[in-house]
Amino acid sequence: MPGKEIIAMLLAGGKGTRLGVMTDKLAKPAIPFGGEFRLIDFPLSNCANSGIDTVGVMTQYEPLVLNSYIGNGSSWDLDRQNGGVIVLPPYLDRKRGANWYSGTANAIYQNIDYIETYDPEFVLVLSGDHIYKMDYSLMLKYHKEKNADVSIAVMEVPWEDTNRFGIMNTDKDDRIKEFLEKPEDAESNLASMGIYIFSWKYLKEYLVEDTRNPDSSGDFGKNIIPMMLEDKLSIYAYRFNGYWKDVGTIESYWSAHMDLLEENSELDLYDRDWIISSVNPHLPPIYISPDGDVIHSLVNKGSQIYGKVEDSVIFFDTIIEKDAIVKESIILPNVTIGKGSYINKAVICQDVTIGPNCKISYGTDEHNKITVIGEGKEIPEGTTIDTGFELE
Amino acid sequence: MPGKEIIAMLLAGGKGTRLGVMTDKLAKPAIPFGGEFRLIDFPLSNCANSGIDTVGVMTQYEPLVLNSYIGNGSSWDLDRQNGGVIVLPPYLDRKRGANWYSGTANAIYQNIDYIETYDPEFVLVLSGDHIYKMDYSLMLKYHKEKNADVSIAVMEVPWEDTNRFGIMNTDKDDRIKEFLEKPEDAESNLASMGIYIFSWKYLKEYLVEDTRNPDSSGDFGKNIIPMMLEDKLSIYAYRFNGYWKDVGTIESYWSAHMDLLEENSELDLYDRDWIISSVNPHLPPIYISPDGDVIHSLVNKGSQIYGKVEDSVIFFDTIIEKDAIVKESIILPNVTIGKGSYINKAVICQDVTIGPNCKISYGTDEHNKITVIGEGKEIPEGTTIDTGFELE
Amino acid sequence: MKNVMGIINNAQKEDFMRELTEIRSLASIPFGCRYRLIDFPLSNLVNSGVTNVGILLENKYRSLMDHIGPGKVWDLDRKRDGLFILPPAQVYGDNRFYKGDIENFYSNIDYIHRSSQDYVIISTPYMVCNLDYREIVKAHKESGADITLVYKQMPTLEDKSTCSILKTDKNNRVTELKVNSDLKNYDKVSLNKFVMKKELLLEIIDECVSMGRWDFIKDGIIGNLDRLNIHGYPFSGALGIINSIKSYYKFNLKLLNPEIWKDIFMTKTIYTKSKDEPPTQFTAVSKVKNVLAANGCIVKGHVENSLLFRGVKIEKGAVVKNSILMQKSTVGQNSRLNNVILDKNVVITPEKVLRGEENFPTIIKKNVVI
Amino acid sequence: MKNVMGIINNAQKEDFMRELTEIRSLASIPFGCRYRLIDFPLSNLVNSGVTNVGILLENKYRSLMDHIGPGKVWDLDRKRDGLFILPPAQVYGDNRFYKGDIENFYSNIDYIHRSSQDYVIISTPYMVCNLDYREIVKAHKESGADITLVYKQMPTLEDKSTCSILKTDKNNRVTELKVNSDLKNYDKVSLNKFVMKKELLLEIIDECVSMGRWDFIKDGIIGNLDRLNIHGYPFSGALGIINSIKSYYKFNLKLLNPEIWKDIFMTKTIYTKSKDEPPTQFTAVSKVKNVLAANGCIVKGHVENSLLFRGVKIEKGAVVKNSILMQKSTVGQNSRLNNVILDKNVVITPEKVLRGEENFPTIIKKNVVI
């Protein structure tokens, strides 16, 4: 089997607890996004579009959904004979015994055997919960041009937000001199996007060394990168200017959807030169009835609109009954909104049924919070749910 | 997604310690067999040939080889849109925490969610390390005809061997009255083959109950079946008469291969109506040189025979150099036997290189033991290795 | 249904829809916003548990092959059985003249022979419906008939071409069967879907060939009406007979009735090749009423009573009524369309007005810019 | 090689091997125990990193389509690029006469146009070799030539039909190129593998069509010898020119030389459709010398100097020498074969003797029982 110049290792282990009830039954990378996708579609499609055809997905929470979603990878053209996408769960080793992934770096350490199968020169490390379109082949080109040992993708963040990110201090040539996790007084506003290219021989060495240290938490940001900086490895910042969003909270999840509704959204999902692929369910076309009305919204196939939809994202297979009104909301797949119900600023999770004449997030709007209705709930006729409520 | 009448759950977790060095780097179901196959090819092909298109493979040891061997299941026509074969590793559950599979039944308990996806009426439980051809659809027909809650495939074993098996005592109608693990004075010679059909509603109930019992080892033979018998469930023995072999020891592994060499071997691999499929490596034809000689042997593609082969099974991609002699041996894939070397009654594992003029298992043959050379070994020129040696 | 194979007969003359079939076969005509005609017979077979399907092809089939690919979408990419593309007869000899669809059956007789199934369903792409063959095969076996023919009771027929009409006796045995005839005195239309033993099909093909007769329905079925017991099976679901531009247009618009689109699209899943399109976007100024739309459209204008295929763009101020807009067609600002069919990739530049008649829609051919 | 597409030109006359091509296209002729001719050009392209391959077809291509399927074996079952079956020209119009392979290029010009690659490799199935196009494409770009043609220096030619021979100047520019001519005064044979810019190919097709010329090599290449800079690239590996029964037979037997089979089969992996055959069984009375054998054979007799395809059975006492036994053929007890080619599924009953000449092997057609 011929080797690969570069393979990708995708960390899909995040519990995503800040997303509340949304991640109750789903690993964060499996969360639906944008009316059509799941978060993991973005890094997987980016890989395929960048010509990276070998991706190991490391996961240990609720792998069944992710596993059956990824399938053989054909949705992203990642069903390759040599390579392709594969889910890598933790396993029992006869010598080492049981080992769950203790941190981002440790997850990769435990899959050294998998990586070595492809004898790669470079390893791209990604996480599965960011929304962005990026050509990793340009980052690899940069990595090679700089003759770097490590490249870290960075973007400029507003100075007031620097205390929420891993911040890079660089020299004039963008070589990283210092890496600070959530600094109070940042010298730079270059934040790590959690996207790394490592020259594999170095990464392997540091992973092995890190594992010997019982105090390490086996994490890239906390352990591996600081160790490498200390050893004066050549680590470069790769600047990225496009749309990038960590949808780690309900608020950021909601606002990322509102971003999409803009006519010239920064994240252009209609661009046929950089297609974000997803697993396509087989569903009939969208139906909008003679009484239906859809304004400033995204609607996906299989949905039937008999009521009014405004400033909202409607995933597939959803029914908005007559006289129902949906505003500034995100309706995940397979939801029914009953006749005459009113939904405002809410995230309605999969398989929810809302009976007729309910009012969700209706009333005073002062604390401006998003209401979330958890997967599979049935809301009986006439229910009123207050702003900001999370129904598990 | 429409449900399935029956799905199969394949236990591929066996460590197979009695196979010594052979299972050092391989889960037992991944062990090569018959010049072409791996053990797991038999149950997987049986499923496909029996019209069972949904198979969950439970494994926790060295899953990478098995995982990449099974791939998307297309080798067995098990790459179905609804169903197909999938590897089910243990996973972290946010509520239950970390759980390795503690026993055969527990492994299935932990995958109840997977099973319920298909809403099956029946669940076929298989293990991944037996050699046989069996039409499970006939067993299902029997299960339905008997209106059974459980059916267990059994075969008659020689009376002197009954103390090595799980033995069923049945009434005239083949309903099982008693199940004895390795009894000293057996009343019956009907041995369990480790193949069960359960009506899922009962199995689920007992799995849940068994899990509540902290003293249970979560095993079918030890816990579930006895509990079911106690509760007077209707359990029937399904008699099977064909070839069946547990290749759990080096001796049985070797003798199963010798069985194959018989002209009318009971295990007919040439039967085009019940094809045992496997993952086919892309290799050139077998080459037998003008000096080569092959008698009473099986040889697979990619192998080059310049020497003499007798009473042996040669897997693919192997080179038997000039003047080398291979007798009553099993040569696994990608092995080189050097010029003038003599191999007798040996199992040579994958990727072994034996230098010129070596003598393996040469000499006194009194204890009649099989020599095993472990994966990847390089045996230098002129080495002599004694009968029965296991080289790790 | 392991014992039943399917043959989709796409080896038919299709002149009756020239405007849409110039560049594609009948089977690959776009239909219902996301589908092509072939999706319906293929999904019906697969939904009924048939896993061995042959598609007889006549010509212009590259678009069809692109659409079907290895049959993965229909779960027919299998090592045993699966999907078989059965190429036309004439390429086997140099420059022969085409005689009729029996020739296509005959040149693929090996495939039919070596299939392991005992029964065969023969279907066609121009009858759009969503049915389950399991009941029909069961009824076929119970009736003891030689052939079971599926029909639908219909008061009128949009266009008689390619249609067979029939009469049955009180036992549902077919007593009369005519092609291209008016419905007068008849009220049953054949769906041209047949169930029979494979052996009988082979016999019919053999007989037709030996007598130099080449039309499957006229010679193979009608020609045997006296000799064989042909049983009628009534179908009561929605049926689209796509045998003229008019019937194509009318039936597509009929889909806007929820009862009909639910019957056609949702009785069982209809599978089709998917294209990774994002959701359809409606802007602050869009106005849509009574519309079926695929994904990937961007609607800024006013759409009423119309079907939008994948990736259609309707600019601000444009008004589209009673129209069918195929994949990637664009309607420019302030243009107005009524009773129009736009084929794929048509561009209507701003400020244009196109208007057809209800019974005679204006058709704009693929890739045309107006 | 992301910027290079491949076209395998299987739209060629193949009368020269009638006995084997009556039921199949040249490209699907069985070769080397496990392969078909198409496996070689296809694997060469894939091994060189080409992921967009079109196969021009002329006729009798069902066996070829069965063999290739969706291209999974070659990892060409892709959402973007991948394998494209390009059906023949004549089916696009009714009953036209076939003019030549340019017509096939022309009727698939859409595919060539819309492919994203800038370079194209044109190959053919009847030149069997194992090569890496990466070096050739590199050399092509460096030389600045319009077209690079791969050739091999050869002292003799088994059969001149369909072959092009050439002369080059000291800079390796092709100065002469002739079809179907004797090697006299020439010692270079074209592999009929060409590298050029896609734009140039489109130009050549367009020019040929507009002038009513229809032979790709004679009109497209030789016709442009003066105008274009055609560069020769020497190939030194083993080469099988399969252009007559004699050359087919001789080259298959030549494979018994380990140097040749290693070159042809193992320089890079040759992919082919696999069949789930168990290992080949040799019994206590079998005797085999100098044999290449596929899997699934059962050999009880004596085989020497021969090639056995998948699933061949040789009964006790049978003697097979200097022969090629294709898939599933059987040789009965005590039968004797020398210089024989058995096509697929041939059954030689016991006690028969078949003997051909070294330059004129006896061929038994598919499914025949003797």
# chains A, B, ... in the order shown; residues from 1 in each chain; ligands from 1
call {"tool": "interface_residues", "arguments": {"of": "chain D", "to": "chain A", "cutoff": "10 Å", "atoms": "only C-alpha atoms", "output": "MDAnalysis selection string"}}
result
chainID D and resid 2 47 72:80 269
call {"tool": "interface_residues", "arguments": {"of": "chain D", "to": "chain C", "cutoff": "12 Å", "atoms": "only C-alpha atoms", "output": "count of residues only"}}
result
55
call {"tool": "select_by_dssp", "arguments": {"residues": "region 90-313 of chain D", "states": "alpha helix (DSSP H)", "output": "PyMOL selection string"}}
result
chain D and resi 101-107+109-114+133-143+198-210+245-254+258-266
call {"tool": "interface_residues", "arguments": {"of": "chain B", "to": "chain A", "cutoff": "6 Å", "atoms": "only C-alpha atoms", "output": "number ranges by chain"}}
result
B: 60-61, 72, 91-92
call {"tool": "select_by_dssp", "arguments": {"residues": "region 155-262 of chain C", "states": "strand (DSSP E)", "output": "compact mmCIF listing (two decimals) with C-alpha atoms, in the first residue's frame"}}
result
# COMPACT_ATOMS: atom_id res chain seq x y z
CA SER C 164 -53.08 0.50 -23.95
CA ILE C 165 -56.71 0.39 -22.94
CA LEU C 166 -58.55 -2.71 -21.95
CA LYS C 167 -61.74 -4.46 -20.97
CA THR C 168 -61.98 -7.19 -18.37
CA VAL C 174 -58.51 -9.19 -19.75
CA THR C 175 -60.76 -9.69 -22.75
CA GLU C 176 -59.72 -6.79 -24.93
CA LEU C 177 -56.50 -4.81 -25.17
CA LYS C 178 -55.79 -2.05 -27.68
CA VAL C 179 -52.89 0.31 -28.24
CA LYS C 188 -59.36 1.04 -18.02
CA VAL C 189 -55.80 1.99 -18.91
CA SER C 190 -52.92 -0.45 -18.70
CA LEU C 191 -49.94 0.68 -16.59
CA ASN C 192 -47.82 -1.50 -18.85
CA LYS C 193 -46.57 -3.30 -15.80
CA PHE C 194 -46.71 -7.06 -16.11
CA VAL C 195 -46.00 -9.98 -13.80
CA MET C 196 -45.29 -13.42 -15.25
CA LYS C 197 -43.06 -16.44 -14.90
CA ILE C 230 -54.10 -12.47 -18.76
CA HIS C 231 -55.42 -11.17 -15.51
CA GLY C 232 -56.05 -7.54 -14.64
CA TYR C 233 -54.97 -6.06 -11.31
CA PRO C 234 -56.64 -2.77 -10.45
CA GLY C 240 -49.08 10.09 -14.14
CA ILE C 241 -49.02 9.00 -17.77
call {"tool": "residues_around", "arguments": {"residues": "Thr330 (chain C)", "least_positions_apart": "4", "cutoff": "9 Å", "atoms": "only C-alpha atoms", "output": "mmCIF file with all heavy atoms, in the first residue's frame"}}
result
data_model
loop_
_atom_site.group_PDB
_atom_site.id
_atom_site.type_symbol
_atom_site.label_atom_id
_atom_site.label_comp_id
_atom_site.auth_asym_id
_atom_site.auth_seq_id
_atom_site.Cartn_x
_atom_site.Cartn_y
_atom_site.Cartn_z
ATOM 1 N N GLY C 311 -31.469 24.217 -7.489
ATOM 2 C CA GLY C 311 -30.563 25.300 -7.848
ATOM 3 C C GLY C 311 -31.171 26.365 -8.753
ATOM 4 O O GLY C 311 -30.438 27.090 -9.424
ATOM 5 N N VAL C 312 -32.492 26.480 -8.773
ATOM 6 C CA VAL C 312 -33.131 27.532 -9.573
ATOM 7 C C VAL C 312 -32.952 28.874 -8.870
ATOM 8 O O VAL C 312 -32.994 28.951 -7.646
ATOM 9 C CB VAL C 312 -34.635 27.204 -9.758
ATOM 10 C CG1 VAL C 312 -35.420 28.429 -10.223
ATOM 11 C CG2 VAL C 312 -34.796 26.039 -10.720
ATOM 12 N N LYS C 313 -32.733 29.923 -9.667
ATOM 13 C CA LYS C 313 -32.617 31.267 -9.087
ATOM 14 C C LYS C 313 -33.715 32.153 -9.656
ATOM 15 O O LYS C 313 -33.876 32.255 -10.861
ATOM 16 C CB LYS C 313 -31.263 31.882 -9.451
ATOM 17 C CG LYS C 313 -30.117 31.368 -8.640
ATOM 18 C CD LYS C 313 -28.959 32.377 -8.635
ATOM 19 C CE LYS C 313 -27.775 31.825 -7.878
ATOM 20 N NZ LYS C 313 -27.127 30.709 -8.595
ATOM 21 N N ILE C 314 -34.423 32.806 -8.770
ATOM 22 C CA ILE C 314 -35.462 33.742 -9.218
ATOM 23 C C ILE C 314 -35.163 35.091 -8.601
ATOM 24 O O ILE C 314 -35.203 35.266 -7.377
ATOM 25 C CB ILE C 314 -36.853 33.223 -8.825
ATOM 26 C CG1 ILE C 314 -37.078 31.912 -9.579
ATOM 27 C CG2 ILE C 314 -37.936 34.245 -9.165
ATOM 28 C CD1 ILE C 314 -38.334 31.207 -9.224
ATOM 29 N N GLU C 315 -34.839 36.034 -9.477
ATOM 30 C CA GLU C 315 -34.361 37.335 -8.984
ATOM 31 C C GLU C 315 -35.517 38.227 -8.526
ATOM 32 O O GLU C 315 -36.691 37.925 -8.751
ATOM 33 C CB GLU C 315 -33.546 38.029 -10.086
ATOM 34 C CG GLU C 315 -32.258 37.299 -10.483
ATOM 35 C CD GLU C 315 -31.227 37.263 -9.355
ATOM 36 O OE1 GLU C 315 -31.380 37.999 -8.359
ATOM 37 O OE2 GLU C 315 -30.274 36.458 -9.483
ATOM 38 N N LEU C 325 -39.634 24.922 -13.685
ATOM 39 C CA LEU C 325 -38.285 25.439 -13.917
ATOM 40 C C LEU C 325 -37.281 24.348 -13.547
ATOM 41 O O LEU C 325 -37.129 24.006 -12.380
ATOM 42 C CB LEU C 325 -38.040 26.699 -13.074
ATOM 43 C CG LEU C 325 -38.570 28.029 -13.659
ATOM 44 C CD1 LEU C 325 -40.031 27.965 -14.023
ATOM 45 C CD2 LEU C 325 -38.285 29.173 -12.712
ATOM 46 N N LEU C 342 -39.000 25.660 -18.397
ATOM 47 C CA LEU C 342 -37.600 25.940 -18.686
ATOM 48 C C LEU C 342 -36.815 24.657 -18.485
ATOM 49 O O LEU C 342 -36.836 24.076 -17.403
ATOM 50 C CB LEU C 342 -37.026 27.003 -17.746
ATOM 51 C CG LEU C 342 -37.698 28.381 -17.678
ATOM 52 C CD1 LEU C 342 -36.849 29.329 -16.821
ATOM 53 C CD2 LEU C 342 -37.889 28.965 -19.073
ATOM 54 N N ASN C 345 -30.576 24.724 -17.007
ATOM 55 C CA ASN C 345 -29.605 25.777 -17.303
ATOM 56 C C ASN C 345 -30.104 26.887 -18.203
ATOM 57 O O ASN C 345 -29.311 27.601 -18.797
ATOM 58 C CB ASN C 345 -28.353 25.186 -17.975
ATOM 59 C CG ASN C 345 -27.553 24.354 -17.019
ATOM 60 O OD1 ASN C 345 -27.370 24.717 -15.874
ATOM 61 N ND2 ASN C 345 -27.096 23.215 -17.498
ATOM 62 N N VAL C 346 -31.409 27.028 -18.346
ATOM 63 C CA VAL C 346 -31.918 28.138 -19.149
ATOM 64 C C VAL C 346 -31.737 29.427 -18.357
ATOM 65 O O VAL C 346 -31.911 29.456 -17.139
ATOM 66 C CB VAL C 346 -33.406 27.906 -19.497
ATOM 67 C CG1 VAL C 346 -34.055 29.193 -20.007
ATOM 68 C CG2 VAL C 346 -33.544 26.791 -20.508
ATOM 69 N N VAL C 347 -31.363 30.483 -19.058
ATOM 70 C CA VAL C 347 -31.241 31.785 -18.406
ATOM 71 C C VAL C 347 -32.234 32.749 -19.051
ATOM 72 O O VAL C 347 -32.190 32.986 -20.253
ATOM 73 C CB VAL C 347 -29.806 32.352 -18.547
ATOM 74 C CG1 VAL C 347 -29.732 33.746 -17.924
ATOM 75 C CG2 VAL C 347 -28.798 31.410 -17.907
ATOM 76 N N ILE C 348 -33.144 33.270 -18.240
ATOM 77 C CA ILE C 348 -34.036 34.330 -18.701
ATOM 78 C C ILE C 348 -33.454 35.635 -18.170
ATOM 79 O O ILE C 348 -33.394 35.830 -16.951
ATOM 80 C CB ILE C 348 -35.476 34.134 -18.160
ATOM 81 C CG1 ILE C 348 -36.012 32.736 -18.490
ATOM 82 C CG2 ILE C 348 -36.403 35.220 -18.690
ATOM 83 C CD1 ILE C 348 -36.214 32.448 -19.946
ATOM 84 N N THR C 349 -32.989 36.466 -19.041
ATOM 85 C CA THR C 349 -32.370 37.718 -18.606
ATOM 86 C C THR C 349 -33.475 38.669 -18.102
ATOM 87 O O THR C 349 -34.653 38.403 -18.292
ATOM 88 C CB THR C 349 -31.581 38.359 -19.768
ATOM 89 O OG1 THR C 349 -32.473 38.530 -20.862
ATOM 90 C CG2 THR C 349 -30.422 37.480 -20.198
#
call {"tool": "residues_around", "arguments": {"residues": "region 205-210 of chain A", "least_positions_apart": "6", "cutoff": "9 Å", "atoms": "only C-alpha atoms", "output": "PyMOL selection string"}}
result
chain A and resi 105-106+108-109+216-218+223-224+227-228
call {"tool": "write_last_selection", "arguments": {"atoms": "N, CA, C and O atoms", "output": "mmCIF file, in the first residue's frame"}}
result
data_model
loop_
_atom_site.group_PDB
_atom_site.id
_atom_site.type_symbol
_atom_site.label_atom_id
_atom_site.label_comp_id
_atom_site.auth_asym_id
_atom_site.auth_seq_id
_atom_site.Cartn_x
_atom_site.Cartn_y
_atom_site.Cartn_z
ATOM 1 N N ALA A 105 -4.232 15.058 22.563
ATOM 2 C CA ALA A 105 -2.985 14.459 22.102
ATOM 3 C C ALA A 105 -2.967 12.969 22.412
ATOM 4 O O ALA A 105 -2.490 12.159 21.612
ATOM 5 N N ASN A 106 -3.505 12.621 23.557
ATOM 6 C CA ASN A 106 -3.527 11.210 23.932
ATOM 7 C C ASN A 106 -4.356 10.389 22.940
ATOM 8 O O ASN A 106 -4.015 9.249 22.622
ATOM 9 N N ILE A 108 -4.580 10.846 19.841
ATOM 10 C CA ILE A 108 -3.739 10.576 18.676
ATOM 11 C C ILE A 108 -2.638 9.579 19.027
ATOM 12 O O ILE A 108 -2.330 8.679 18.251
ATOM 13 N N TYR A 109 -2.094 9.718 20.223
ATOM 14 C CA TYR A 109 -1.081 8.762 20.676
ATOM 15 C C TYR A 109 -1.609 7.332 20.577
ATOM 16 O O TYR A 109 -0.919 6.432 20.091
ATOM 17 N N SER A 216 0.819 14.887 32.780
ATOM 18 C CA SER A 216 0.294 15.548 31.587
ATOM 19 C C SER A 216 -1.170 15.202 31.408
ATOM 20 O O SER A 216 -1.606 14.101 31.719
ATOM 21 N N SER A 217 -1.926 16.173 30.888
ATOM 22 C CA SER A 217 -3.318 15.849 30.581
ATOM 23 C C SER A 217 -3.459 15.414 29.125
ATOM 24 O O SER A 217 -4.568 15.269 28.625
ATOM 25 N N GLY A 218 -2.337 15.225 28.457
ATOM 26 C CA GLY A 218 -2.377 14.690 27.098
ATOM 27 C C GLY A 218 -3.096 15.601 26.124
ATOM 28 O O GLY A 218 -3.831 15.148 25.256
ATOM 29 N N ASN A 223 -0.076 20.812 26.721
ATOM 30 C CA ASN A 223 1.153 20.045 26.918
ATOM 31 C C ASN A 223 2.077 20.006 25.705
ATOM 32 O O ASN A 223 3.241 20.388 25.797
ATOM 33 N N ILE A 224 1.556 19.567 24.580
ATOM 34 C CA ILE A 224 2.438 19.294 23.434
ATOM 35 C C ILE A 224 3.048 20.582 22.862
ATOM 36 O O ILE A 224 4.272 20.686 22.731
ATOM 37 N N MET A 227 5.642 22.246 25.124
ATOM 38 C CA MET A 227 6.881 21.465 25.127
ATOM 39 C C MET A 227 7.683 21.718 23.870
ATOM 40 O O MET A 227 8.901 21.872 23.896
ATOM 41 N N MET A 228 6.999 21.759 22.734
ATOM 42 C CA MET A 228 7.677 21.985 21.460
ATOM 43 C C MET A 228 8.286 23.379 21.390
ATOM 44 O O MET A 228 9.370 23.570 20.859
#
call {"tool": "residues_around", "arguments": {"residues": "region 318-324 of chain A", "least_positions_apart": "5", "cutoff": "9 Å", "atoms": "only C-alpha atoms", "output": "list in words"}}
result
Asp291, Gly292, Asn300, Lys301, Gly302, Ser303, Gln304, Ile305, Tyr306, Gly307, Lys308, Val309, Ile331, Leu332, Pro333, Asn334, Val335, Thr336, Ile337, Gly338, Lys339, Gly340, Ser341, Tyr342, Ile343, Asp351, Pro356 and Asn357 of chain A
call {"tool": "residues_around", "arguments": {"residues": "Val123 (chain B)", "least_positions_apart": "4", "cutoff": "10 Å", "atoms": "only C-alpha atoms", "output": "short mmCIF file (atom, residue, chain, number, x, y, z; two decimals) with N, CA and C atoms, in the first residue's frame"}}
result
data_model
loop_
_atom_site.label_atom_id
_atom_site.label_comp_id
_atom_site.auth_asym_id
_atom_site.auth_seq_id
_atom_site.Cartn_x
_atom_site.Cartn_y
_atom_site.Cartn_z
N LYS B 4 -36.22 -4.94 10.52
CA LYS B 4 -35.69 -6.19 10.00
C LYS B 4 -36.32 -7.33 10.78
N GLU B 5 -36.63 -8.42 10.11
CA GLU B 5 -37.13 -9.58 10.84
C GLU B 5 -36.04 -10.13 11.76
N ILE B 6 -34.84 -10.22 11.23
CA ILE B 6 -33.75 -10.80 12.03
C ILE B 6 -32.45 -10.06 11.74
N ILE B 7 -31.68 -9.82 12.78
CA ILE B 7 -30.33 -9.29 12.58
C ILE B 7 -29.36 -10.21 13.33
N ALA B 8 -28.10 -10.15 12.94
CA ALA B 8 -27.10 -11.00 13.60
C ALA B 8 -26.17 -10.14 14.45
N MET B 9 -25.80 -10.67 15.61
CA MET B 9 -24.81 -10.04 16.47
C MET B 9 -23.64 -11.01 16.59
N VAL B 55 -25.52 -7.07 10.34
CA VAL B 55 -24.64 -7.79 11.26
C VAL B 55 -23.85 -6.78 12.09
N ILE B 115 -29.30 -2.51 18.26
CA ILE B 115 -30.27 -3.53 17.86
C ILE B 115 -31.65 -2.91 17.65
N LEU B 140 -33.86 -20.35 11.39
CA LEU B 140 -34.94 -19.42 11.73
C LEU B 140 -36.30 -20.05 11.46
N VAL B 150 -36.13 -19.44 22.23
CA VAL B 150 -34.70 -19.51 21.94
C VAL B 150 -34.45 -20.80 21.16
N TYR B 196 -27.09 -18.98 18.50
CA TYR B 196 -28.40 -18.87 19.12
C TYR B 196 -29.32 -18.01 18.28
N ILE B 197 -30.59 -18.39 18.22
CA ILE B 197 -31.60 -17.43 17.76
C ILE B 197 -32.50 -17.13 18.96
N PHE B 198 -32.61 -15.85 19.28
CA PHE B 198 -33.48 -15.42 20.36
C PHE B 198 -34.63 -14.62 19.80
N SER B 199 -35.79 -14.79 20.38
CA SER B 199 -36.85 -13.82 20.12
C SER B 199 -36.45 -12.58 20.92
N TRP B 200 -36.31 -11.47 20.23
CA TRP B 200 -35.64 -10.30 20.82
C TRP B 200 -36.30 -9.80 22.09
N LYS B 201 -37.64 -9.83 22.14
CA LYS B 201 -38.28 -9.27 23.33
C LYS B 201 -37.85 -10.02 24.59
N LEU B 203 -34.95 -11.85 24.90
CA LEU B 203 -33.52 -11.66 25.13
C LEU B 203 -33.28 -10.32 25.83
N LYS B 204 -33.94 -9.29 25.32
CA LYS B 204 -33.74 -7.95 25.88
C LYS B 204 -34.07 -7.94 27.38
#
call {"tool": "atom_distance", "arguments": {"atom1": "CA of Ser50 (chain A)", "atom2": "CA of Phe165 (chain A)"}}
result
26.2 Å
call {"tool": "atom_distance", "arguments": {"atom1": "CA of Trp274 (chain B)", "atom2": "CA of Ser45 (chain B)"}}
result
8.2 Å
